[in-house]
$ cat start-v8.tsv   # TSV, C-alpha atoms
chain	number	residue	atom	x	y	z
A	1	MET	CA	31.40	-12.31	-75.53
A	2	GLY	CA	29.94	-15.78	-75.39
A	3	LEU	CA	27.33	-16.70	-78.03
A	4	THR	CA	24.36	-18.99	-77.44
A	5	GLN	CA	23.33	-21.59	-80.01
A	6	LYS	CA	20.17	-19.60	-80.76
A	7	SER	CA	22.23	-16.48	-81.44
A	8	LEU	CA	24.61	-18.36	-83.73
A	9	SER	CA	21.67	-19.70	-85.72
A	10	GLN	CA	20.30	-16.15	-86.02
A	11	ILE	CA	23.61	-14.89	-87.38
A	12	SER	CA	24.00	-17.74	-89.84
A	13	GLY	CA	20.41	-17.25	-91.03
A	14	LEU	CA	20.95	-13.55	-91.60
A	15	MET	CA	24.35	-13.93	-93.21
A	16	ALA	CA	22.93	-16.48	-95.64
A	17	GLY	CA	21.32	-13.56	-97.44
A	18	GLY	CA	24.77	-12.40	-98.56
A	19	ASN	CA	25.13	-8.91	-100.00
A	20	GLN	CA	21.44	-8.32	-100.60
A	21	THR	CA	20.30	-4.74	-100.76
A	22	SER	CA	16.88	-5.62	-99.35
A	23	ILE	CA	17.31	-6.12	-95.60
A	24	PHE	CA	14.34	-7.23	-93.54
A	25	GLU	CA	15.94	-7.26	-90.11
A	26	PHE	CA	19.12	-6.48	-88.18
A	27	LEU	CA	20.72	-8.01	-85.11
A	28	LEU	CA	21.44	-5.58	-82.26
A	29	TRP	CA	24.71	-6.92	-80.91
A	30	GLY	CA	25.78	-4.37	-78.31
A	31	LEU	CA	24.97	-6.12	-75.03
A	32	SER	CA	26.56	-9.22	-73.57
A	33	GLU	CA	25.22	-12.53	-74.90
A	34	ARG	CA	26.45	-14.65	-71.99
A	35	PRO	CA	23.49	-16.65	-70.63
A	36	GLU	CA	24.49	-16.11	-66.99
A	37	GLN	CA	24.35	-12.31	-67.47
A	38	GLN	CA	20.92	-12.05	-69.13
A	39	ASP	CA	18.84	-11.96	-65.93
A	40	ILE	CA	21.15	-9.34	-64.40
A	41	LEU	CA	21.03	-7.21	-67.56
A	42	PHE	CA	17.24	-7.46	-67.75
A	43	LEU	CA	16.72	-6.48	-64.11
A	44	LEU	CA	19.28	-3.66	-64.35
A	45	PHE	CA	17.75	-2.13	-67.49
A	46	LEU	CA	14.22	-2.61	-66.14
A	47	TRP	CA	15.12	-0.88	-62.86
A	48	MET	CA	16.79	2.02	-64.66
A	49	TYR	CA	13.87	2.44	-67.08
A	50	VAL	CA	11.17	2.37	-64.37
A	51	ASP	CA	13.18	4.81	-62.21
A	52	THR	CA	13.76	7.11	-65.20
A	53	VAL	CA	10.09	7.27	-66.17
A	54	ALA	CA	8.89	7.60	-62.55
A	55	GLY	CA	11.49	10.24	-61.61
A	56	ASN	CA	10.94	12.43	-64.66
A	57	LEU	CA	7.16	12.03	-64.42
A	58	LEU	CA	7.33	13.21	-60.80
A	59	ILE	CA	9.25	16.30	-61.93
A	60	VAL	CA	6.59	17.10	-64.56
A	61	LEU	CA	3.69	16.56	-62.13
A	62	ALA	CA	5.33	18.54	-59.31
A	63	ILE	CA	5.95	21.50	-61.64
A	64	GLY	CA	2.49	21.29	-63.19
A	65	THR	CA	0.65	21.23	-59.83
A	66	ASP	CA	2.71	23.93	-58.07
A	67	THR	CA	1.91	27.44	-59.28
A	68	ARG	CA	5.10	28.74	-57.64
A	69	LEU	CA	7.08	26.82	-60.26
A	70	HIS	CA	5.17	28.19	-63.26
A	71	THR	CA	8.24	30.09	-64.41
A	72	PRO	CA	10.35	29.80	-67.59
A	73	MET	CA	13.14	27.85	-65.85
A	74	TYR	CA	10.77	25.13	-64.63
A	75	PHE	CA	8.80	25.14	-67.89
A	76	PHE	CA	12.03	24.18	-69.66
A	77	LEU	CA	12.84	21.62	-66.95
A	78	ALA	CA	9.42	19.98	-67.39
A	79	SER	CA	10.02	19.91	-71.17
A	80	LEU	CA	13.43	18.29	-70.57
A	81	SER	CA	11.86	15.64	-68.33
A	82	CYS	CA	9.24	14.84	-71.00
A	83	ALA	CA	12.00	14.57	-73.63
A	84	ASP	CA	14.01	12.28	-71.32
A	85	ILE	CA	11.05	9.92	-70.87
A	86	LEU	CA	10.53	9.72	-74.64
A	87	PHE	CA	14.29	9.48	-75.31
A	88	THR	CA	14.73	6.47	-73.03
A	89	SER	CA	11.51	4.87	-74.27
A	90	THR	CA	12.85	4.66	-77.83
A	91	THR	CA	15.65	2.26	-76.88
A	92	VAL	CA	15.23	0.54	-73.51
A	93	PRO	CA	11.86	-1.26	-74.00
A	94	LYS	CA	13.17	-2.90	-77.20
A	95	ALA	CA	16.39	-3.86	-75.41
A	96	LEU	CA	14.33	-5.42	-72.58
A	97	VAL	CA	12.25	-7.44	-75.05
A	98	ASN	CA	15.38	-8.67	-76.82
A	99	ILE	CA	17.10	-9.65	-73.56
A	100	GLN	CA	14.01	-11.48	-72.29
A	101	SER	CA	13.33	-13.30	-75.57
A	102	GLN	CA	17.05	-13.97	-76.20
A	103	SER	CA	16.56	-12.49	-79.64
A	104	ARG	CA	18.59	-9.60	-80.96
A	105	SER	CA	16.49	-8.91	-84.05
A	106	ILE	CA	14.83	-5.66	-85.11
A	107	SER	CA	13.05	-5.16	-88.42
A	108	TYR	CA	14.48	-2.81	-91.03
A	109	THR	CA	11.45	-0.51	-90.72
A	110	GLY	CA	11.57	-0.72	-86.92
A	111	CYS	CA	15.24	0.22	-87.01
A	112	LEU	CA	14.61	3.34	-89.09
A	113	VAL	CA	11.66	4.36	-86.89
A	114	GLN	CA	13.78	3.88	-83.76
A	115	LEU	CA	16.62	5.88	-85.32
A	116	TYR	CA	14.30	8.80	-86.20
A	117	PHE	CA	12.77	9.10	-82.72
A	118	PHE	CA	16.09	8.47	-80.97
A	119	LEU	CA	17.68	11.37	-82.88
A	120	THR	CA	14.64	13.61	-82.37
A	121	PHE	CA	14.47	13.20	-78.59
A	122	GLY	CA	18.25	13.04	-78.11
A	123	ASP	CA	18.78	16.29	-80.04
A	124	MET	CA	15.84	17.78	-78.14
A	125	ASP	CA	17.74	17.19	-74.88
A	126	ILE	CA	20.72	19.10	-76.26
A	127	PHE	CA	18.67	22.05	-77.53
A	128	LEU	CA	16.70	22.26	-74.28
A	129	LEU	CA	19.90	22.30	-72.22
A	130	ALA	CA	21.15	25.18	-74.38
A	131	THR	CA	17.79	26.98	-73.97
A	132	MET	CA	17.96	26.53	-70.19
A	133	ALA	CA	21.45	28.05	-70.18
A	134	TYR	CA	20.13	31.05	-72.14
A	135	ASP	CA	17.29	31.39	-69.63
A	136	ARG	CA	19.77	31.50	-66.72
A	137	TYR	CA	21.94	34.00	-68.65
A	138	VAL	CA	19.00	36.41	-69.13
A	139	ALA	CA	17.81	35.94	-65.52
A	140	ILE	CA	21.22	36.67	-63.96
A	141	CYS	CA	22.86	39.04	-66.43
A	142	HIS	CA	19.77	41.00	-67.54
A	143	PRO	CA	17.24	40.64	-64.70
A	144	LEU	CA	15.32	43.83	-65.58
A	145	HIS	CA	14.51	42.49	-69.06
A	146	TYR	CA	13.85	38.90	-67.95
A	147	LYS	CA	10.03	38.99	-67.89
A	148	MET	CA	9.89	40.60	-71.30
A	149	VAL	CA	12.50	38.38	-72.98
A	150	MET	CA	11.34	35.12	-71.39
A	151	SER	CA	7.60	35.70	-71.65
A	152	ARG	CA	5.24	32.72	-71.88
A	153	ARG	CA	4.85	33.28	-75.61
A	154	HIS	CA	8.62	33.44	-76.19
A	155	CYS	CA	9.20	30.30	-74.09
A	156	THR	CA	6.57	28.39	-76.05
A	157	LEU	CA	8.11	29.56	-79.33
A	158	LEU	CA	11.58	28.46	-78.17
A	159	VAL	CA	10.42	24.94	-77.26
A	160	THR	CA	8.38	24.67	-80.48
A	161	ALA	CA	11.42	25.75	-82.51
A	162	CYS	CA	13.50	23.09	-80.75
A	163	TRP	CA	10.98	20.38	-81.67
A	164	ILE	CA	10.83	21.51	-85.32
A	165	LEU	CA	14.63	21.70	-85.68
A	166	THR	CA	15.23	18.30	-84.06
A	167	SER	CA	12.55	16.70	-86.25
A	168	LEU	CA	14.14	18.13	-89.42
A	169	VAL	CA	17.64	17.01	-88.38
A	170	ALA	CA	16.39	13.50	-87.52
A	171	MET	CA	14.45	13.31	-90.79
A	172	THR	CA	17.56	14.26	-92.78
A	173	HIS	CA	19.75	11.60	-91.14
A	174	THR	CA	17.05	8.92	-91.41
A	175	PHE	CA	16.47	9.66	-95.10
A	176	LEU	CA	20.20	9.36	-95.83
A	177	ILE	CA	20.39	6.03	-93.97
A	178	PHE	CA	17.37	4.84	-95.98
A	179	GLN	CA	19.42	5.34	-99.17
A	180	LEU	CA	22.12	2.89	-98.04
A	181	SER	CA	22.47	-0.82	-98.77
A	182	PHE	CA	23.71	-3.18	-96.06
A	183	CYS	CA	26.03	-6.16	-96.40
A	184	SER	CA	26.14	-7.11	-92.74
A	185	LYS	CA	23.06	-7.30	-90.56
A	186	ILE	CA	24.89	-7.27	-87.23
A	187	ILE	CA	24.78	-3.81	-85.60
A	188	PRO	CA	27.44	-3.45	-82.87
A	189	ASP	CA	25.09	-1.60	-80.48
A	190	PHE	CA	21.91	-2.28	-78.51
A	191	PHE	CA	19.85	0.16	-80.60
A	192	CYS	CA	19.89	1.62	-84.12
A	193	ASP	CA	22.22	4.62	-84.29
A	194	LEU	CA	23.94	6.45	-87.13
A	195	GLY	CA	27.54	5.32	-86.55
A	196	PRO	CA	26.87	1.58	-86.20
A	197	LEU	CA	24.50	1.59	-89.19
A	198	MET	CA	27.08	3.29	-91.40
A	199	LYS	CA	29.69	0.76	-90.29
A	200	VAL	CA	27.64	-2.20	-91.58
A	201	SER	CA	26.68	-0.53	-94.86
A	202	CYS	CA	28.28	-1.61	-98.14
A	203	SER	CA	27.30	1.67	-99.85
A	204	ASP	CA	29.42	4.80	-100.07
A	205	THR	CA	28.75	6.62	-96.78
A	206	GLN	CA	30.79	9.75	-97.51
A	207	VAL	CA	27.69	11.98	-97.75
A	208	ASN	CA	26.30	10.49	-94.52
A	209	GLU	CA	29.60	11.08	-92.75
A	210	LEU	CA	29.81	14.70	-93.93
A	211	VAL	CA	26.23	15.41	-92.87
A	212	LEU	CA	26.88	13.72	-89.52
A	213	LEU	CA	30.02	15.81	-89.04
A	214	PHE	CA	28.52	19.19	-89.94
A	215	LEU	CA	24.85	18.78	-89.05
A	216	GLY	CA	25.21	16.30	-86.20
A	217	GLY	CA	28.60	17.17	-84.77
A	218	ALA	CA	28.83	20.92	-85.37
A	219	ALA	CA	25.23	22.18	-85.51
A	220	VAL	CA	23.65	19.87	-82.94
A	221	ILE	CA	26.48	19.22	-80.47
A	222	LEU	CA	29.28	21.79	-80.68
A	223	ILE	CA	27.26	24.97	-81.34
A	224	PRO	CA	24.81	24.38	-78.42
A	225	PHE	CA	27.75	23.37	-76.22
A	226	MET	CA	29.61	26.58	-77.09
A	227	LEU	CA	26.45	28.65	-76.44
A	228	ILE	CA	26.15	27.01	-73.01
A	229	LEU	CA	29.83	27.68	-72.33
A	230	VAL	CA	29.61	31.35	-73.34
A	231	SER	CA	26.40	31.79	-71.32
A	232	TYR	CA	28.04	30.43	-68.19
A	233	ILE	CA	31.15	32.54	-68.65
A	234	HIS	CA	28.89	35.62	-68.55
A	235	ILE	CA	26.85	34.13	-65.68
A	236	VAL	CA	29.90	33.41	-63.50
A	237	SER	CA	31.31	36.86	-64.27
A	238	ALA	CA	28.00	38.48	-63.22
A	239	ILE	CA	27.70	36.36	-60.06
A	240	LEU	CA	31.23	37.23	-58.92
A	241	ARG	CA	30.24	40.92	-59.06
A	242	VAL	CA	27.37	40.36	-56.61
A	243	PRO	CA	28.46	42.02	-53.33
A	244	SER	CA	26.77	39.68	-50.83
A	245	ALA	CA	27.85	36.07	-50.25
A	246	GLN	CA	24.21	35.02	-49.82
A	247	GLY	CA	23.31	36.51	-53.20
A	248	ARG	CA	26.17	34.65	-54.87
A	249	ARG	CA	25.12	31.36	-53.25
A	250	LYS	CA	21.51	31.81	-54.36
A	251	SER	CA	22.57	32.55	-57.94
A	252	PHE	CA	24.91	29.55	-58.06
A	253	SER	CA	22.24	27.26	-56.59
A	254	THR	CA	19.91	27.90	-59.55
A	255	CYS	CA	22.71	26.98	-61.99
A	256	GLY	CA	24.51	24.12	-60.22
A	257	SER	CA	22.04	21.37	-61.10
A	258	HIS	CA	21.89	22.47	-64.74
A	259	LEU	CA	25.70	22.54	-64.98
A	260	ALA	CA	25.92	19.01	-63.53
A	261	VAL	CA	23.44	17.68	-66.12
A	262	VAL	CA	25.25	19.50	-68.94
A	263	ALA	CA	28.63	18.05	-67.92
A	264	LEU	CA	27.22	14.52	-67.63
A	265	PHE	CA	25.26	14.57	-70.88
A	266	PHE	CA	27.73	16.38	-73.13
A	267	GLY	CA	30.67	14.41	-71.74
A	268	THR	CA	29.15	11.11	-72.82
A	269	VAL	CA	27.69	12.44	-76.10
A	270	ILE	CA	31.03	13.95	-77.19
A	271	ARG	CA	32.77	10.67	-76.31
A	272	ALA	CA	30.24	8.68	-78.34
A	273	TYR	CA	29.99	10.90	-81.45
A	274	LEU	CA	33.08	13.07	-81.75
A	275	CYS	CA	35.80	10.66	-80.61
A	276	PRO	CA	36.61	8.12	-83.35
A	277	SER	CA	36.80	4.47	-82.38
A	278	SER	CA	38.41	1.43	-83.94
A	279	SER	CA	36.65	-1.82	-84.74
A	280	SER	CA	38.31	-3.76	-81.91
A	281	SER	CA	36.12	-5.54	-79.37
A	282	ASN	CA	37.38	-3.32	-76.53
A	283	SER	CA	36.47	-0.19	-78.49
A	284	ILE	CA	32.98	-1.55	-79.28
A	285	GLU	CA	32.44	-2.28	-75.59
A	286	GLU	CA	33.58	1.26	-74.70
A	287	ASP	CA	31.18	2.72	-77.31
A	288	THR	CA	28.33	0.64	-75.88
A	289	ALA	CA	29.17	1.80	-72.36
A	290	ALA	CA	29.16	5.44	-73.53
A	291	ALA	CA	25.82	4.87	-75.29
A	292	VAL	CA	24.30	3.38	-72.13
A	293	MET	CA	25.56	6.41	-70.17
A	294	TYR	CA	23.84	9.08	-72.27
A	295	THR	CA	20.74	7.08	-73.32
A	296	VAL	CA	19.91	5.44	-69.97
A	297	VAL	CA	22.03	6.70	-67.05
A	298	THR	CA	21.82	10.45	-67.72
A	299	PRO	CA	17.98	10.55	-68.01
A	300	LEU	CA	17.91	8.42	-64.84
A	301	LEU	CA	20.11	10.84	-62.88
A	302	ASN	CA	18.52	14.10	-64.07
A	303	PRO	CA	15.55	14.01	-61.64
A	304	PHE	CA	17.86	13.18	-58.72
A	305	ILE	CA	20.25	16.00	-59.62
A	306	TYR	CA	17.48	18.60	-59.94
A	307	SER	CA	15.61	17.45	-56.83
A	308	LEU	CA	18.71	17.25	-54.62
A	309	TRP	CA	20.47	20.43	-55.77
A	310	ASN	CA	17.45	22.68	-56.28
A	311	LYS	CA	15.69	23.76	-53.09
A	312	ASP	CA	12.48	24.91	-54.83
A	313	MET	CA	12.21	21.64	-56.75
A	314	LYS	CA	12.83	19.64	-53.60
A	315	CYS	CA	10.06	21.49	-51.75
A	316	ALA	CA	7.65	21.13	-54.68
A	317	LEU	CA	8.25	17.36	-54.84
A	318	ALA	CA	7.70	17.08	-51.08
A	319	ARG	CA	4.42	19.06	-51.32
A	320	PHE	CA	3.23	16.96	-54.26
A	321	LEU	CA	4.04	13.62	-52.60
A	322	ARG	CA	2.58	14.77	-49.28
A	323	GLY	CA	-0.62	15.82	-51.05
A	324	LYS	CA	-0.91	12.41	-52.73
A	325	VAL	CA	-0.38	10.60	-49.43
A	326	PHE	CA	-3.11	12.69	-47.74
A	327	PHE	CA	-5.44	12.06	-50.70
A	328	LEU	CA	-4.92	8.28	-50.53
A	329	TRP	CA	-5.26	8.33	-46.74
A	330	GLY	CA	-8.57	10.18	-47.07
A	331	GLN	CA	-9.87	7.47	-49.40

$ encode --input "start-v8.tsv" --output "structure tokens"
Amino acid sequence: MGLTQKSLSQISGLMAGGNQTSIFEFLLWGLSERPEQQDILFLLFLWMYVDTVAGNLLIVLAIGTDTRLHTPMYFFLASLSCADILFTSTTVPKALVNIQSQSRSISYTGCLVQLYFFLTFGDMDIFLLATMAYDRYVAICHPLHYKMVMSRRHCTLLVTACWILTSLVAMTHTFLIFQLSFCSKIIPDFFCDLGPLMKVSCSDTQVNELVLLFLGGAAVILIPFMLILVSYIHIVSAILRVPSAQGRRKSFSTCGSHLAVVALFFGTVIRAYLCPSSSSSNSIEEDTAAAVMYTVVTPLLNPFIYSLWNKDMKCALARFLRGKVFFLWGQ
């Protein structure tokens, strides 16, 4: 990657501090620094961010204004859309500011705050996807008990539990990162994440790595993924026993969009967190590409997947937009 004179001066200024334990700012060095690519990067990230916020906000508004969608499945979908807006908003606005100002800096405090909220909302996505799979499992495999099991109170408790768990996990990781000292200030990513921060630390990161492996890798990624997998094994088995072809199609249609989102999100997350990478430039670029996929592209595609593959959602969006057009026309 080409480096501008301003960027070189930033690096030299930061490196002049040597192996100080008191770090006041980092450089986020995940995106290209070539001057001719800055405008393209800025416009691309801005377009993706605006589309992500607008698309997910439309999902929330369409569900909130349509009483026919006041069901557990769409309650969880609205929660997922809210989490996606917050998830993307922890990283992309800062990246846009840095691209526009040609500065890669982020304060030490800002980095820890970004890390905490990034982990909270990212883990929330995972837990909500697992909760949505459980909802589909109860609806298809135990339809007679569905209203009792997935009551409004139980759904609210499930989402609240997800928020509490993700906050505790994020707090644990952030506290452990706070205990580290840093020799290098250059983070090989476009936002503050656990792996890149541990790579630039000069402290012993063995505890951080173990917590990341068991709490981050196993508890937050693998266990929800296995729960989703087991749920869908039971769901597919139940659907195949449905005698009518129309019944099978209807059952699959309520699960297809969720499966597509699960495959997209978990595929990129597993690549980013569970597949070790070397320190070569190609590997860093691949890690950055994987990070862009699950932090920016997946939240962008979720509204399109749910609106295109889900007939009820598509109709609700059409009714909502049509109502807004009539309202504006009446003004």

$ residues_around --input "start-v8.tsv" --residues "range 311-323 of chain A" --least-positions-apart "5" --cutoff "8 Å" --atoms "only C-alpha atoms" --output "list in words"
Leu58, Ile59, Leu61, Ala62, Ile63, Thr65, Asp66, Leu69 and Tyr306 of chain A

$ atom_distance --input "start-v8.tsv" --atom1 "CA of Asn208 in chain A" --atom2 "CA of Tyr116 in chain A"
14.7 Å

$ closest_residue --input "start-v8.tsv" --among "A:Ile106, A:Leu213, A:Ile186, A:Val53" --to "Ile85 in chain A" --atoms "only C-alpha atoms"
A:Val53

$ atom_distance --input "start-v8.tsv" --atom1 "CA of Cys111 in chain A" --atom2 "CA of Pro224 in chain A"
27.4 Å

$ residues_near_point --input "start-v8.tsv" --point "(14.3, 6.8, -91.0)" --cutoff "10 Å" --atoms "all atoms listed in the file" --output "JSON, numbers by chain"
{"A": [108, 109, 110, 111, 112, 113, 114, 115, 116, 117, 119, 170, 171, 172, 173, 174, 175, 176, 177, 178, 179]}

$ residues_around --input "start-v8.tsv" --residues "Gly217 in chain A" --least-positions-apart "5" --cutoff "8 Å" --atoms "all atoms listed in the file" --output "JSON list (two decimals) with C-alpha atoms, in the coordinates of the input"
[["chain", "number", "residue", "atom", "x", "y", "z"],
["A", 212, "LEU", "CA", 26.88, 13.72, -89.52],
["A", 222, "LEU", "CA", 29.28, 21.79, -80.68],
["A", 273, "TYR", "CA", 29.99, 10.90, -81.45],
["A", 274, "LEU", "CA", 33.08, 13.07, -81.75]]

$ residues_around --input "start-v8.tsv" --residues "Met73 in chain A" --least-positions-apart "3" --cutoff "8 Å" --atoms "only C-alpha atoms" --output "short mmCIF file (atom, residue, chain, number, x, y, z; two decimals) with C-alpha atoms, in the frame of the given file"
data_model
loop_
_atom_site.label_atom_id
_atom_site.label_comp_id
_atom_site.auth_asym_id
_atom_site.auth_seq_id
_atom_site.Cartn_x
_atom_site.Cartn_y
_atom_site.Cartn_z
CA PHE A 76 12.03 24.18 -69.66
CA LEU A 77 12.84 21.62 -66.95
CA MET A 132 17.96 26.53 -70.19
CA ASP A 135 17.29 31.39 -69.63
CA ARG A 136 19.77 31.50 -66.72
#

$ residues_near_point --input "start-v8.tsv" --point "(18.2, 19.3, -75.0)" --cutoff "10 Å" --atoms "all atoms listed in the file" --output "PyMOL selection string"
chain A and resi 76-77+79-81+83-84+120-132+159+162-163+166+220-221+224+262+265

$ decode --input "start-v8.tsv" --residues "range 70-87 of chain A" --atoms "N, CA, C and O atoms" --output "PDB file, in the first residue's frame"
ATOM      1  N   HIS A  70     -46.858  -8.204  14.211  1.00  0.00           N
ATOM      2  CA  HIS A  70     -46.551  -8.160  15.641  1.00  0.00           C
ATOM      3  C   HIS A  70     -46.535  -9.578  16.202  1.00  0.00           C
ATOM      4  O   HIS A  70     -47.367  -9.972  17.020  1.00  0.00           O
ATOM      5  N   THR A  71     -45.578 -10.346  15.701  1.00  0.00           N
ATOM      6  CA  THR A  71     -45.393 -11.737  16.108  1.00  0.00           C
ATOM      7  C   THR A  71     -43.954 -11.910  16.584  1.00  0.00           C
ATOM      8  O   THR A  71     -43.101 -11.061  16.303  1.00  0.00           O
ATOM      9  N   PRO A  72     -43.645 -12.994  17.314  1.00  0.00           N
ATOM     10  CA  PRO A  72     -42.281 -13.187  17.810  1.00  0.00           C
ATOM     11  C   PRO A  72     -41.220 -13.144  16.713  1.00  0.00           C
ATOM     12  O   PRO A  72     -40.164 -12.519  16.902  1.00  0.00           O
ATOM     13  N   MET A  73     -41.472 -13.775  15.567  1.00  0.00           N
ATOM     14  CA  MET A  73     -40.478 -13.824  14.505  1.00  0.00           C
ATOM     15  C   MET A  73     -40.080 -12.421  14.053  1.00  0.00           C
ATOM     16  O   MET A  73     -38.886 -12.109  13.891  1.00  0.00           O
ATOM     17  N   TYR A  74     -41.058 -11.546  13.873  1.00  0.00           N
ATOM     18  CA  TYR A  74     -40.772 -10.196  13.393  1.00  0.00           C
ATOM     19  C   TYR A  74     -40.297  -9.281  14.522  1.00  0.00           C
ATOM     20  O   TYR A  74     -39.603  -8.290  14.270  1.00  0.00           O
ATOM     21  N   PHE A  75     -40.653  -9.605  15.752  1.00  0.00           N
ATOM     22  CA  PHE A  75     -40.089  -8.886  16.901  1.00  0.00           C
ATOM     23  C   PHE A  75     -38.579  -9.099  16.953  1.00  0.00           C
ATOM     24  O   PHE A  75     -37.806  -8.149  17.149  1.00  0.00           O
ATOM     25  N   PHE A  76     -38.146 -10.344  16.746  1.00  0.00           N
ATOM     26  CA  PHE A  76     -36.718 -10.638  16.726  1.00  0.00           C
ATOM     27  C   PHE A  76     -36.042 -10.014  15.501  1.00  0.00           C
ATOM     28  O   PHE A  76     -34.889  -9.556  15.581  1.00  0.00           O
ATOM     29  N   LEU A  77     -36.728  -9.999  14.373  1.00  0.00           N
ATOM     30  CA  LEU A  77     -36.170  -9.386  13.163  1.00  0.00           C
ATOM     31  C   LEU A  77     -35.973  -7.885  13.359  1.00  0.00           C
ATOM     32  O   LEU A  77     -34.945  -7.332  12.955  1.00  0.00           O
ATOM     33  N   ALA A  78     -36.952  -7.219  13.985  1.00  0.00           N
ATOM     34  CA  ALA A  78     -36.811  -5.787  14.271  1.00  0.00           C
ATOM     35  C   ALA A  78     -35.646  -5.539  15.227  1.00  0.00           C
ATOM     36  O   ALA A  78     -34.887  -4.575  15.065  1.00  0.00           O
ATOM     37  N   SER A  79     -35.478  -6.423  16.214  1.00  0.00           N
ATOM     38  CA  SER A  79     -34.354  -6.308  17.152  1.00  0.00           C
ATOM     39  C   SER A  79     -33.024  -6.488  16.420  1.00  0.00           C
ATOM     40  O   SER A  79     -32.048  -5.774  16.693  1.00  0.00           O
ATOM     41  N   LEU A  80     -32.985  -7.436  15.476  1.00  0.00           N
ATOM     42  CA  LEU A  80     -31.775  -7.661  14.684  1.00  0.00           C
ATOM     43  C   LEU A  80     -31.447  -6.437  13.830  1.00  0.00           C
ATOM     44  O   LEU A  80     -30.277  -6.048  13.717  1.00  0.00           O
ATOM     45  N   SER A  81     -32.457  -5.817  13.245  1.00  0.00           N
ATOM     46  CA  SER A  81     -32.234  -4.628  12.426  1.00  0.00           C
ATOM     47  C   SER A  81     -31.699  -3.473  13.269  1.00  0.00           C
ATOM     48  O   SER A  81     -30.799  -2.740  12.836  1.00  0.00           O
ATOM     49  N   CYS A  82     -32.236  -3.303  14.478  1.00  0.00           N
ATOM     50  CA  CYS A  82     -31.724  -2.266  15.390  1.00  0.00           C
ATOM     51  C   CYS A  82     -30.261  -2.544  15.747  1.00  0.00           C
ATOM     52  O   CYS A  82     -29.426  -1.621  15.743  1.00  0.00           O
ATOM     53  N   ALA A  83     -29.962  -3.803  16.048  1.00  0.00           N
ATOM     54  CA  ALA A  83     -28.577  -4.179  16.384  1.00  0.00           C
ATOM     55  C   ALA A  83     -27.647  -3.936  15.203  1.00  0.00           C
ATOM     56  O   ALA A  83     -26.502  -3.500  15.380  1.00  0.00           O
ATOM     57  N   ASP A  84     -28.123  -4.214  13.982  1.00  0.00           N
ATOM     58  CA  ASP A  84     -27.298  -3.998  12.788  1.00  0.00           C
ATOM     59  C   ASP A  84     -26.983  -2.519  12.580  1.00  0.00           C
ATOM     60  O   ASP A  84     -25.858  -2.163  12.195  1.00  0.00           O
ATOM     61  N   ILE A  85     -27.964  -1.655  12.816  1.00  0.00           N
ATOM     62  CA  ILE A  85     -27.728  -0.210  12.691  1.00  0.00           C
ATOM     63  C   ILE A  85     -26.654   0.235  13.687  1.00  0.00           C
ATOM     64  O   ILE A  85     -25.705   0.954  13.334  1.00  0.00           O
ATOM     65  N   LEU A  86     -26.788  -0.206  14.930  1.00  0.00           N
ATOM     66  CA  LEU A  86     -25.824   0.169  15.966  1.00  0.00           C
ATOM     67  C   LEU A  86     -24.454  -0.454  15.711  1.00  0.00           C
ATOM     68  O   LEU A  86     -23.412   0.177  15.926  1.00  0.00           O
ATOM     69  N   PHE A  87     -24.452  -1.702  15.231  1.00  0.00           N
ATOM     70  CA  PHE A  87     -23.212  -2.429  14.935  1.00  0.00           C
ATOM     71  C   PHE A  87     -22.399  -1.688  13.877  1.00  0.00           C
ATOM     72  O   PHE A  87     -21.191  -1.429  14.057  1.00  0.00           O
TER      73      PHE A  87
END
